[in-house]
Structure formats: structure tokens, C-alpha cells
>>> print(open('structure16.json').read())   # JSON, C-alpha atoms and all ligand atoms
[["chain", "number", "residue", "atom", "x", "y", "z"],
["A", 8, "MET", "CA", 71.08, 192.88, -82.46],
["A", 9, "ARG", "CA", 68.96, 194.42, -85.19],
["A", 10, "ARG", "CA", 67.33, 197.72, -84.29],
["A", 11, "PRO", "CA", 63.62, 197.57, -85.15],
["A", 12, "LEU", "CA", 62.13, 199.92, -87.71],
["A", 13, "VAL", "CA", 58.53, 201.05, -87.92],
["A", 14, "ALA", "CA", 57.69, 202.94, -91.11],
["A", 15, "GLY", "CA", 54.36, 204.61, -91.83],
["A", 16, "ASN", "CA", 53.28, 204.57, -95.46],
["A", 17, "TRP", "CA", 50.70, 207.35, -95.73],
["A", 18, "LYS", "CA", 49.99, 206.44, -99.38],
["A", 19, "MET", "CA", 47.92, 209.11, -101.21],
["A", 20, "ASN", "CA", 46.20, 210.42, -98.09],
["A", 21, "GLY", "CA", 45.99, 213.64, -96.13],
["A", 22, "ASN", "CA", 46.05, 217.36, -96.72],
["A", 23, "LEU", "CA", 48.10, 220.15, -95.17],
["A", 24, "LYS", "CA", 45.75, 220.49, -92.21],
["A", 25, "SER", "CA", 45.49, 216.78, -91.37],
["A", 26, "ILE", "CA", 49.22, 216.24, -91.89],
["A", 27, "HIS", "CA", 50.08, 219.10, -89.52],
["A", 28, "ALA", "CA", 47.82, 217.60, -86.86],
["A", 29, "LEU", "CA", 49.24, 214.09, -87.38],
["A", 30, "VAL", "CA", 52.88, 215.22, -87.22],
["A", 31, "GLU", "CA", 52.30, 217.39, -84.15],
["A", 32, "GLU", "CA", 50.75, 214.44, -82.31],
["A", 33, "LEU", "CA", 53.59, 212.14, -83.37],
["A", 34, "LYS", "CA", 56.14, 214.67, -82.14],
["A", 35, "ARG", "CA", 54.40, 214.93, -78.78],
["A", 36, "GLY", "CA", 54.28, 211.15, -78.33],
["A", 37, "ILE", "CA", 57.63, 209.98, -79.70],
["A", 38, "ASP", "CA", 59.50, 210.62, -76.43],
["A", 39, "GLN", "CA", 57.57, 207.76, -74.84],
["A", 40, "VAL", "CA", 58.79, 205.34, -77.53],
["A", 41, "GLY", "CA", 61.91, 203.30, -76.74],
["A", 42, "GLU", "CA", 64.74, 201.99, -78.91],
["A", 43, "VAL", "CA", 63.27, 201.78, -82.38],
["A", 44, "ASP", "CA", 63.78, 203.66, -85.65],
["A", 45, "VAL", "CA", 60.63, 205.44, -86.77],
["A", 46, "ALA", "CA", 59.91, 206.89, -90.21],
["A", 47, "VAL", "CA", 56.95, 208.33, -92.08],
["A", 48, "MET", "CA", 56.44, 208.33, -95.85],
["A", 49, "PRO", "CA", 54.18, 211.20, -96.93],
["A", 50, "PRO", "CA", 53.04, 211.82, -100.52],
["A", 51, "PHE", "CA", 55.85, 213.57, -102.45],
["A", 52, "VAL", "CA", 54.34, 217.06, -102.34],
["A", 53, "TYR", "CA", 54.15, 217.05, -98.54],
["A", 54, "ILE", "CA", 57.73, 215.84, -97.98],
["A", 55, "PRO", "CA", 59.28, 219.35, -97.65],
["A", 56, "GLU", "CA", 56.64, 220.37, -95.12],
["A", 57, "VAL", "CA", 56.93, 217.15, -93.10],
["A", 58, "THR", "CA", 60.76, 217.26, -92.98],
["A", 59, "ARG", "CA", 60.50, 220.91, -91.87],
["A", 60, "LEU", "CA", 58.06, 220.00, -89.09],
["A", 61, "LEU", "CA", 60.22, 217.03, -88.01],
["A", 62, "LYS", "CA", 63.54, 218.89, -88.19],
["A", 63, "ASP", "CA", 64.52, 218.36, -84.55],
["A", 64, "SER", "CA", 62.71, 215.08, -84.13],
["A", 65, "ARG", "CA", 64.03, 211.49, -84.26],
["A", 66, "ILE", "CA", 61.24, 210.61, -86.69],
["A", 67, "ALA", "CA", 62.79, 210.19, -90.14],
["A", 68, "VAL", "CA", 61.09, 210.89, -93.45],
["A", 69, "GLY", "CA", 61.01, 208.71, -96.54],
["A", 70, "ALA", "CA", 59.40, 208.54, -99.97],
["A", 71, "GLN", "CA", 56.89, 206.01, -101.27],
["A", 72, "ASN", "CA", 58.74, 205.58, -104.57],
["A", 73, "MET", "CA", 61.80, 206.93, -106.38],
["A", 74, "SER", "CA", 63.15, 207.11, -109.91],
["A", 75, "ARG", "CA", 66.31, 205.11, -110.46],
["A", 76, "HIS", "CA", 67.58, 207.88, -112.74],
["A", 77, "ALA", "CA", 69.60, 210.83, -111.47],
["A", 78, "ALA", "CA", 67.95, 213.48, -113.67],
["A", 79, "GLY", "CA", 66.54, 214.00, -117.14],
["A", 80, "ALA", "CA", 63.47, 213.56, -119.30],
["A", 81, "PHE", "CA", 61.40, 211.41, -116.93],
["A", 82, "THR", "CA", 58.09, 213.24, -116.68],
["A", 83, "GLY", "CA", 56.29, 212.74, -113.39],
["A", 84, "GLU", "CA", 59.25, 211.10, -111.64],
["A", 85, "VAL", "CA", 61.25, 212.22, -108.59],
["A", 86, "SER", "CA", 64.97, 211.52, -108.19],
["A", 87, "GLY", "CA", 66.98, 210.48, -105.16],
["A", 88, "GLU", "CA", 68.94, 213.75, -105.21],
["A", 89, "MET", "CA", 65.67, 215.66, -104.91],
["A", 90, "LEU", "CA", 64.54, 213.49, -102.04],
["A", 91, "LYS", "CA", 67.87, 213.93, -100.28],
["A", 92, "GLU", "CA", 67.71, 217.68, -100.71],
["A", 93, "PHE", "CA", 64.48, 217.63, -98.69],
["A", 94, "GLY", "CA", 65.83, 215.40, -95.94],
["A", 95, "CYS", "CA", 64.55, 211.96, -96.92],
["A", 96, "ARG", "CA", 66.37, 208.91, -95.54],
["A", 97, "TYR", "CA", 64.28, 206.06, -96.91],
["A", 98, "ALA", "CA", 62.52, 205.13, -100.15],
["A", 99, "ILE", "CA", 59.93, 202.37, -100.44],
["A", 100, "ILE", "CA", 60.58, 200.30, -103.56],
["A", 101, "GLY", "CA", 58.35, 197.74, -105.28],
["A", 102, "HIS", "CA", 55.26, 198.28, -103.13],
["A", 103, "SER", "CA", 52.56, 195.87, -104.28],
["A", 104, "GLU", "CA", 50.34, 198.80, -105.31],
["A", 105, "ARG", "CA", 53.09, 200.00, -107.65],
["A", 106, "ARG", "CA", 53.70, 196.47, -108.93],
["A", 107, "ALA", "CA", 49.96, 195.96, -109.59],
["A", 108, "ASN", "CA", 49.03, 199.41, -110.94],
["A", 109, "TYR", "CA", 52.17, 200.97, -112.41],
["A", 110, "GLY", "CA", 53.99, 198.10, -114.08],
["A", 111, "GLU", "CA", 56.77, 197.83, -111.55],
["A", 112, "THR", "CA", 58.39, 194.47, -112.37],
["A", 113, "ASP", "CA", 60.91, 192.53, -110.28],
["A", 114, "GLU", "CA", 63.66, 193.82, -112.56],
["A", 115, "LYS", "CA", 62.56, 197.46, -112.29],
["A", 116, "ALA", "CA", 62.31, 197.17, -108.51],
["A", 117, "ALA", "CA", 65.79, 195.61, -108.37],
["A", 118, "ARG", "CA", 67.25, 198.44, -110.47],
["A", 119, "LYS", "CA", 65.56, 200.98, -108.24],
["A", 120, "VAL", "CA", 67.12, 199.40, -105.15],
["A", 121, "VAL", "CA", 70.51, 200.02, -106.76],
["A", 122, "GLY", "CA", 69.52, 203.62, -107.58],
["A", 123, "VAL", "CA", 68.36, 204.29, -104.01],
["A", 124, "LYS", "CA", 71.61, 202.94, -102.58],
["A", 125, "GLU", "CA", 73.72, 204.92, -105.06],
["A", 126, "ARG", "CA", 72.03, 208.10, -103.77],
["A", 127, "GLY", "CA", 72.87, 207.16, -100.17],
["A", 128, "LEU", "CA", 69.28, 206.50, -99.16],
["A", 129, "ILE", "CA", 67.91, 203.35, -97.51],
["A", 130, "PRO", "CA", 65.67, 201.22, -99.73],
["A", 131, "ILE", "CA", 62.69, 199.43, -98.21],
["A", 132, "LEU", "CA", 62.15, 196.66, -100.76],
["A", 133, "CYS", "CA", 58.62, 195.25, -100.62],
["A", 134, "VAL", "CA", 58.00, 191.61, -101.47],
["A", 135, "GLY", "CA", 54.96, 189.43, -101.03],
["A", 136, "GLU", "CA", 52.46, 187.18, -102.74],
["A", 137, "THR", "CA", 48.94, 187.93, -103.99],
["A", 138, "LEU", "CA", 45.88, 186.13, -102.64],
["A", 139, "MET", "CA", 45.84, 183.78, -105.64],
["A", 140, "GLU", "CA", 49.52, 182.95, -105.23],
["A", 141, "HIS", "CA", 48.90, 182.41, -101.50],
["A", 142, "GLU", "CA", 45.98, 180.06, -102.13],
["A", 143, "ARG", "CA", 48.02, 178.12, -104.68],
["A", 144, "GLY", "CA", 50.72, 177.59, -102.06],
["A", 145, "ASN", "CA", 53.21, 179.66, -104.01],
["A", 146, "THR", "CA", 54.23, 182.16, -101.29],
["A", 147, "TYR", "CA", 57.84, 181.04, -101.04],
["A", 148, "GLY", "CA", 58.29, 180.80, -104.80],
["A", 149, "VAL", "CA", 57.08, 184.38, -105.32],
["A", 150, "VAL", "CA", 59.14, 185.85, -102.49],
["A", 151, "LYS", "CA", 62.22, 183.95, -103.69],
["A", 152, "ARG", "CA", 61.76, 185.33, -107.23],
["A", 153, "GLN", "CA", 61.41, 188.89, -105.93],
["A", 154, "VAL", "CA", 64.46, 188.66, -103.66],
["A", 155, "ASP", "CA", 66.50, 186.82, -106.28],
["A", 156, "ALA", "CA", 65.89, 189.63, -108.80],
["A", 157, "VAL", "CA", 68.22, 191.74, -106.65],
["A", 158, "LEU", "CA", 70.52, 188.90, -105.57],
["A", 159, "ASP", "CA", 71.14, 187.48, -109.04],
["A", 160, "PHE", "CA", 71.58, 190.74, -110.94],
["A", 161, "PHE", "CA", 73.38, 192.82, -108.34],
["A", 162, "GLY", "CA", 74.64, 190.47, -105.64],
["A", 163, "VAL", "CA", 74.08, 190.04, -101.95],
["A", 164, "GLU", "CA", 76.07, 193.23, -101.16],
["A", 165, "MET", "CA", 73.00, 195.18, -102.35],
["A", 166, "PHE", "CA", 71.26, 194.02, -99.17],
["A", 167, "ARG", "CA", 73.81, 195.56, -96.83],
["A", 168, "GLY", "CA", 71.79, 198.30, -95.12],
["A", 169, "THR", "CA", 68.70, 197.57, -97.22],
["A", 170, "VAL", "CA", 65.40, 196.90, -95.45],
["A", 171, "ILE", "CA", 63.08, 194.18, -96.78],
["A", 172, "ALA", "CA", 59.35, 194.44, -96.11],
["A", 173, "TYR", "CA", 57.40, 191.19, -96.39],
["A", 174, "GLU", "CA", 53.90, 192.31, -97.29],
["A", 175, "PRO", "CA", 51.45, 189.58, -98.28],
["A", 176, "VAL", "CA", 49.25, 191.45, -100.77],
["A", 177, "TRP", "CA", 46.10, 189.77, -99.41],
["A", 178, "ALA", "CA", 46.79, 191.39, -96.03],
["A", 179, "ILE", "CA", 47.33, 194.95, -97.26],
["A", 180, "GLY", "CA", 44.43, 197.23, -96.38],
["A", 181, "THR", "CA", 42.11, 194.24, -95.88],
["A", 182, "GLY", "CA", 42.14, 193.93, -92.11],
["A", 183, "LYS", "CA", 43.48, 190.37, -92.54],
["A", 184, "THR", "CA", 46.93, 189.84, -91.08],
["A", 185, "ALA", "CA", 49.29, 186.93, -91.61],
["A", 186, "THR", "CA", 49.56, 185.04, -88.33],
["A", 187, "PRO", "CA", 52.83, 185.72, -86.51],
["A", 188, "GLU", "CA", 53.85, 182.12, -87.27],
["A", 189, "ILE", "CA", 53.21, 182.43, -91.02],
["A", 190, "ALA", "CA", 55.00, 185.79, -91.19],
["A", 191, "GLN", "CA", 57.92, 184.43, -89.15],
["A", 192, "SER", "CA", 58.25, 181.47, -91.47],
["A", 193, "VAL", "CA", 58.48, 183.71, -94.57],
["A", 194, "HIS", "CA", 60.89, 186.14, -92.87],
["A", 195, "SER", "CA", 63.13, 183.27, -91.85],
["A", 196, "PHE", "CA", 62.96, 181.89, -95.42],
["A", 197, "ILE", "CA", 64.14, 185.28, -96.76],
["A", 198, "ARG", "CA", 66.95, 185.48, -94.22],
["A", 199, "ASP", "CA", 68.07, 181.93, -95.06],
["A", 200, "ARG", "CA", 68.07, 182.81, -98.76],
["A", 201, "LEU", "CA", 70.44, 185.72, -98.08],
["A", 202, "ALA", "CA", 72.53, 183.58, -95.70],
["A", 203, "GLU", "CA", 73.28, 181.17, -98.55],
["A", 204, "ARG", "CA", 75.29, 184.04, -100.08],
["A", 205, "ASN", "CA", 76.49, 185.92, -97.00],
["A", 206, "GLU", "CA", 75.63, 185.05, -93.42],
["A", 207, "ALA", "CA", 76.74, 188.36, -91.91],
["A", 208, "ILE", "CA", 74.55, 190.40, -94.26],
["A", 209, "ALA", "CA", 71.64, 188.01, -93.67],
["A", 210, "ASN", "CA", 71.94, 188.49, -89.92],
["A", 211, "GLU", "CA", 72.12, 192.27, -90.20],
["A", 212, "VAL", "CA", 69.34, 192.90, -92.69],
["A", 213, "ARG", "CA", 66.08, 194.17, -91.20],
["A", 214, "ILE", "CA", 63.02, 192.30, -92.43],
["A", 215, "ILE", "CA", 59.85, 194.12, -91.45],
["A", 216, "TYR", "CA", 56.27, 192.91, -91.82],
["A", 217, "GLY", "CA", 53.43, 194.81, -93.49],
["A", 218, "GLY", "CA", 49.77, 194.01, -93.94],
["A", 219, "SER", "CA", 47.07, 195.37, -91.62],
["A", 220, "VAL", "CA", 49.46, 195.91, -88.70],
["A", 221, "LYS", "CA", 47.56, 197.53, -85.83],
["A", 222, "ALA", "CA", 48.20, 198.30, -82.18],
["A", 223, "SER", "CA", 46.23, 195.16, -81.31],
["A", 224, "ASN", "CA", 48.35, 192.70, -83.35],
["A", 225, "ALA", "CA", 51.76, 194.40, -83.44],
["A", 226, "ALA", "CA", 53.22, 192.94, -80.24],
["A", 227, "ALA", "CA", 52.57, 189.32, -81.29],
["A", 228, "LEU", "CA", 54.11, 189.91, -84.73],
["A", 229, "PHE", "CA", 57.16, 191.77, -83.40],
["A", 230, "ALA", "CA", 57.79, 189.05, -80.78],
["A", 231, "MET", "CA", 58.88, 186.74, -83.61],
["A", 232, "PRO", "CA", 62.65, 186.39, -83.92],
["A", 233, "ASP", "CA", 62.90, 187.38, -87.60],
["A", 234, "ILE", "CA", 60.32, 190.19, -87.61],
["A", 235, "ASP", "CA", 62.25, 193.43, -87.13],
["A", 236, "GLY", "CA", 59.41, 195.92, -87.14],
["A", 237, "GLY", "CA", 56.60, 196.92, -89.46],
["A", 238, "LEU", "CA", 55.57, 198.79, -92.59],
["A", 239, "VAL", "CA", 52.25, 200.29, -91.61],
["A", 240, "GLY", "CA", 49.66, 201.73, -93.99],
["A", 241, "GLY", "CA", 46.19, 202.60, -92.68],
["A", 242, "ALA", "CA", 47.15, 202.62, -88.99],
["A", 243, "SER", "CA", 49.98, 205.11, -89.61],
["A", 244, "LEU", "CA", 47.38, 207.83, -90.29],
["A", 245, "ASP", "CA", 46.26, 207.65, -86.65],
["A", 246, "ALA", "CA", 49.00, 209.02, -84.38],
["A", 247, "ARG", "CA", 47.95, 207.13, -81.24],
["A", 248, "GLU", "CA", 47.66, 203.84, -83.11],
["A", 249, "PHE", "CA", 51.00, 204.37, -84.88],
["A", 250, "LEU", "CA", 52.81, 205.33, -81.65],
["A", 251, "SER", "CA", 51.43, 202.20, -79.95],
["A", 252, "ILE", "CA", 52.82, 200.10, -82.81],
["A", 253, "CYS", "CA", 56.20, 201.84, -82.39],
["A", 254, "LYS", "CA", 56.13, 201.06, -78.66],
["A", 255, "ALA", "CA", 55.36, 197.41, -79.38],
["A", 256, "ALA", "CA", 58.41, 197.25, -81.67],
["A", 257, "ALA", "CA", 60.62, 198.82, -79.00],
["A", 258, "GLN", "CA", 59.74, 196.04, -76.57],
["A", 301, "LIG", "C1", 51.11, 199.07, -96.88],
["A", 301, "LIG", "O1", 50.51, 199.75, -97.70],
["A", 301, "LIG", "O2", 52.34, 198.94, -97.00],
["A", 301, "LIG", "C2", 50.36, 198.45, -95.81],
["A", 301, "LIG", "C3", 50.95, 197.54, -95.10],
["A", 301, "LIG", "O3", 49.04, 198.86, -95.64],
["A", 301, "LIG", "P1", 48.05, 198.44, -94.43],
["A", 301, "LIG", "O4", 48.82, 198.55, -93.14],
["A", 301, "LIG", "O5", 46.93, 199.42, -94.50],
["A", 301, "LIG", "O6", 47.62, 197.04, -94.69]]
>>> encode(input="structure16.json", output="C-alpha cells")
Amino acid sequence: MRRPLVAGNWKMNGNLKSIHALVEELKRGIDQVGEVDVAVMPPFVYIPEVTRLLKDSRIAVGAQNMSRHAAGAFTGEVSGEMLKEFGCRYAIIGHSERRANYGETDEKAARKVVGVKERGLIPILCVGETLMEHERGNTYGVVKRQVDAVLDFFGVEMFRGTVIAYEPVWAIGTGKTATPEIAQSVHSFIRDRLAERNEAIANEVRIIYGGSVKASNAAALFAMPDIDGGLVGGASLDAREFLSICKAAAQ
């Protein structure tokens, strides 16, 4: 049995006041959420404050990105050691916004997955096709290329303990969601791809869905056999909405 994971990607949103209010409401509500791992990914500067506020809580903290390097002349970057020092457990890698706006290629994302694992953190590797690729019927080809970048260079072992987030780019922040059937079909394709190399790892790996997940559509998505939770953007900034999504994953 794979334990579901719901991760909230706050992106570049919030301020000290709003983040305090959000975390306090999450802490109050988390006791009503069943068996599911829950994590939030604040902007880097707020990570120390959020880990402090969540010290005795089961809500984990992660980062939205991470340098693959341990230390050195990498202006503007943050290392895994730094994230660990402030209590992070997860790091999102290869988010479509980083691929589109910051030149994160398949190869860079794959190398970062290795870096995250070497630091003892859990990578959440994002994959997914753009609207144009979707309309051209190239969803599976794109996802295969993105997964294979890790598989071919570093081997299937890299996926032990790694989380994969299938996030169709056309569904991120648009209010459009992949139907549960479409998402299930891509998740099962990814799992089959891993199973060709190692069935045990394929069965263990958590594949979560992202793209306009809300309280109103979460239950139908999470009911699918290969959807093991969600990566939630906009709705993770609203505590009640996010907690409802967590509850849906626990069922
Ligand atoms: C995301 O940014 O990973 C995401 C899924 O965003 P949203 O839920 O807002 O579509």
C-alpha cells in the first residue's frame, strides 16, 4: 500500500502575516485528517519560520527548488544541506514553471534529483506536457522523455523513495483539470515504464497529480488506482480548501 502524499506548493506567494495565519489554521485542522503525508513548500525565505511554527506538527516542509551542488560559487542558489539545516524533507524538482522560465532541462532536473537524494531529502520530480504537446497527442512521448532522463542516466534505483508529480502544464493555475481517467492513464503509463526496469520500485513509487486540484475534484482524482495524492498550487494557500484535499487523499 502506498501512503498518499499531498504537497502544497505556495510558489512566490504570501508574507509573514498571511503565512502565520495559514500555518495556524493548518495546525488546527490537521488532526481531522487521516492517514496521509502532508507537506507545504513555502518560498525559501519563509522556510525557517514555517519549520519553526510546524515543529511539533505532522505537516512536513519542503522547498520549491534546490541546487544540485553542495556549496560554492552559485549565486542565488540554495543547497540541500541548507534546506536540511532548516528542517526540510522534500524538494520539488523540474516544476514546469522552472522548466519554462529558468532553463531547467530534463538533464538538469535529472541531476538535481540525484543531488536531492544524496542530501537525504525526498525529490518530487515534476513531469508533464504543455498545451501544444497535449493537442498534438504527444503527452506520453513527453512524459517518457522526462522520466527516461533520470532512468537512462542514473538508473531505476534513483526512483526508490522519489515522488513523481504528473502535472499537465495546461492544467496548472488554469482551473482546467485533467479528467481522472486521463490522469490515471498517464500515471499508469509512468508506473509501467518504471516496472520495465524494476517492478518493486514501480509499485512503491508515489505518483501524485497536480494541475488545478481543488476540494471539489480531489476525491475523484484520488480514487484512481495510480494517483497517490496531489501537488497543489493555488488551493494550498487556502487552509480549509487544502485540508479538504488532504482529507480526500486519506479516504
Ligand atoms: C503547481 O504549481 O504545481 C500546481 C499544480 O498549481 P495549481 O494547483 O494552482 O494548478
>>> atom_distance(input="structure16.json", atom1="CA of Val40 (chain A)", atom2="CA of Asn20 (chain A)")
24.6 Å
>>> axis_aligned_box(input="structure16.json", around="region 201-217 of chain A", padding_each_side="8 Å", output="JSON")
{"center_x": 65.1, "center_y": 188.0, "center_z": -95.0, "size_x": 39.3, "size_y": 29.6, "size_z": 26.2}
>>> atom_distance(input="structure16.json", atom1="CA of Val170 (chain A)", atom2="CA of Cys133 (chain A)")
8.7 Å
>>> closest_residue(input="structure16.json", among="A:Pro175, A:Val134, A:Asn145, A:Ile54", to="Glu111 (chain A)", atoms="all atoms listed in the file")
A:Val134
>>> closest_residue(input="structure16.json", among="A:Leu138, A:Leu61, A:Val220, A:Val30", to="ligand LIG 301 (chain A)", atoms="only C-alpha atoms and all ligand atoms")
A:Val220
>>> residues_near_ligand(input="structure16.json", ligand="ligand LIG 301 (chain A)", cutoff="7 Å", atoms="only C-alpha atoms and all ligand atoms", output="PDB file with C-alpha atoms, in the coordinates of the input")
ATOM      1  CA  ASN A  16      53.280 204.570 -95.460  1.00  0.00           C
ATOM      2  CA  LYS A  18      49.990 206.440 -99.380  1.00  0.00           C
ATOM      3  CA  HIS A 102      55.260 198.280-103.130  1.00  0.00           C
ATOM      4  CA  GLU A 174      53.900 192.310 -97.290  1.00  0.00           C
ATOM      5  CA  ALA A 178      46.790 191.390 -96.030  1.00  0.00           C
ATOM      6  CA  ILE A 179      47.330 194.950 -97.260  1.00  0.00           C
ATOM      7  CA  GLY A 180      44.430 197.230 -96.380  1.00  0.00           C
ATOM      8  CA  THR A 181      42.110 194.240 -95.880  1.00  0.00           C
ATOM      9  CA  GLY A 182      42.140 193.930 -92.110  1.00  0.00           C
ATOM     10  CA  GLY A 217      53.430 194.810 -93.490  1.00  0.00           C
ATOM     11  CA  GLY A 218      49.770 194.010 -93.940  1.00  0.00           C
ATOM     12  CA  SER A 219      47.070 195.370 -91.620  1.00  0.00           C
ATOM     13  CA  VAL A 220      49.460 195.910 -88.700  1.00  0.00           C
ATOM     14  CA  LEU A 238      55.570 198.790 -92.590  1.00  0.00           C
ATOM     15  CA  VAL A 239      52.250 200.290 -91.610  1.00  0.00           C
ATOM     16  CA  GLY A 240      49.660 201.730 -93.990  1.00  0.00           C
ATOM     17  CA  GLY A 241      46.190 202.600 -92.680  1.00  0.00           C
ATOM     18  CA  ALA A 242      47.150 202.620 -88.990  1.00  0.00           C
TER      19      ALA A 242
END
>>> residues_around(input="structure16.json", residues="Arg152 (chain A)", least_positions_apart="2", cutoff="12 Å", atoms="only C-alpha atoms", output="count of residues only")
23
>>> residues_around(input="structure16.json", residues="region 25-29 of chain A", least_positions_apart="6", cutoff="10 Å", atoms="all atoms listed in the file", output="PyMOL selection string")
chain A and resi 17+49+53+56-57+60+243-247
>>> atom_distance(input="structure16.json", atom1="CA of Ser64 (chain A)", atom2="CA of Gly87 (chain A)")
21.9 Å
>>> closest_residue(input="structure16.json", among="A:Asp63, A:Glu248, A:Glu92, A:Glu104", to="Glu32 (chain A)", atoms="only C-alpha atoms")
A:Glu248
>>> residues_around(input="structure16.json", residues="Ala14 (chain A)", least_positions_apart="6", cutoff="6 Å", atoms="all atoms listed in the file", output="list in words")
Val45, Ala46, Val47 and Leu238 of chain A
